[in-house]
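Visitor: Structure below; questions to follow.
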Amino acid sequence: EEQRLVAFGEFVRLLDDRGALPPGTGVDAATDSMFALNSIEVYLLLTSTRGWTPAGWERWLASTLRATLLV
């Protein structure tokens, strides 16, 4: 989990360096959002519990991350 958090933090810092984060969105909050949304728990909730396909989860994650992390 720590490695995932570090990797997501690096990615979010790259977005921040490019001015891609929405105004008022800090690096820590954006990293936490990415960490939570891209967790195994959310994946299993949507695929196993709710019956989503892995491809459906992937589309949802990409769309949600774009809406959450990009201007």
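Scheme for the structure tokens: letters A, B, ... for chains in order shown; per-chain residue numbers from 1; ligand numbers from 1 in order shown.
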Would you mind listing what lies within 9 Å of Thr68 of chain A as a list in words, with only C-alpha atoms counted and same-chain residues fewer than 3 positions away left out?
Guide: Leu21, Pro22, Ala30, Ser33, Met34, Ser63, Thr64, Leu65 and Val71 of chain A
Visitor: Can you list, as a list in words, every protein, DNA or RNA residue that comes within 8 Å of segment 2-13 of chain A when you count only C-alpha atoms, leaving out same-chain residues fewer than 4 positions away?
Guide: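 Selected residues are Asp17, Val27, Asp28, Ala30, Thr31, Asp32, Met34 and Phe35 of chain A.
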Visitor: Store the residues picked out above, limited to C-alpha atoms, as a PDB file, in the first residue's frame.
Guide:
```pdb
ATOM      1  CA  ASP A  17       3.789  20.647 -11.992  1.00  0.00           C
ATOM      2  CA  VAL A  27      -1.394  17.393  -4.047  1.00  0.00           C
ATOM      3  CA  ASP A  28      -2.147  15.484  -0.843  1.00  0.00           C
ATOM      4  CA  ALA A  30      -5.545  14.522  -5.041  1.00  0.00           C
ATOM      5  CA  THR A  31      -3.162  11.708  -4.080  1.00  0.00           C
ATOM      6  CA  ASP A  32      -5.608  10.456  -1.457  1.00  0.00           C
ATOM      7  CA  MET A  34      -6.413   8.535  -6.501  1.00  0.00           C
ATOM      8  CA  PHE A  35      -5.319   6.093  -3.798  1.00  0.00           C
TER       9      PHE A  35
END
```
Visitor: Quick one: distance from atom CA of Ala62 of chain A to atom CA of Leu15 of chain A in Å, one decimal?
Guide: 15.0 Å
Visitor: If DSSP is run on the backbone, what residues of segment 9-40 of chain A are alpha helix (DSSP H)? A reply as a ChimeraX atom specification would be ideal.
Guide: /A:9-17,27-37,40
Visitor: Ranking A:Leu69, A:Leu14, A:Leu61, A:Ala55 by minimum distance to Ala29 of chain A and counting only C-alpha atoms, which one comes first?
Guide: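 Nearest candidate to Ala29 of chain A out of A:Leu69, A:Leu14, A:Leu61, A:Ala55: A:Leu69.
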Visitor: Please measure the separation of atom CA of Asn38 of chain A and atom CA of Glu1 of chain A, giving the value in Å to one decimal.
Guide: 11.2 Å
Visitor: What is the distance, in Å and to one decimal place, between atom CA of Ile40 of chain A and atom CA of Leu70 of chain A?
Guide: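 Interatomic distance here is 22.6 Å.
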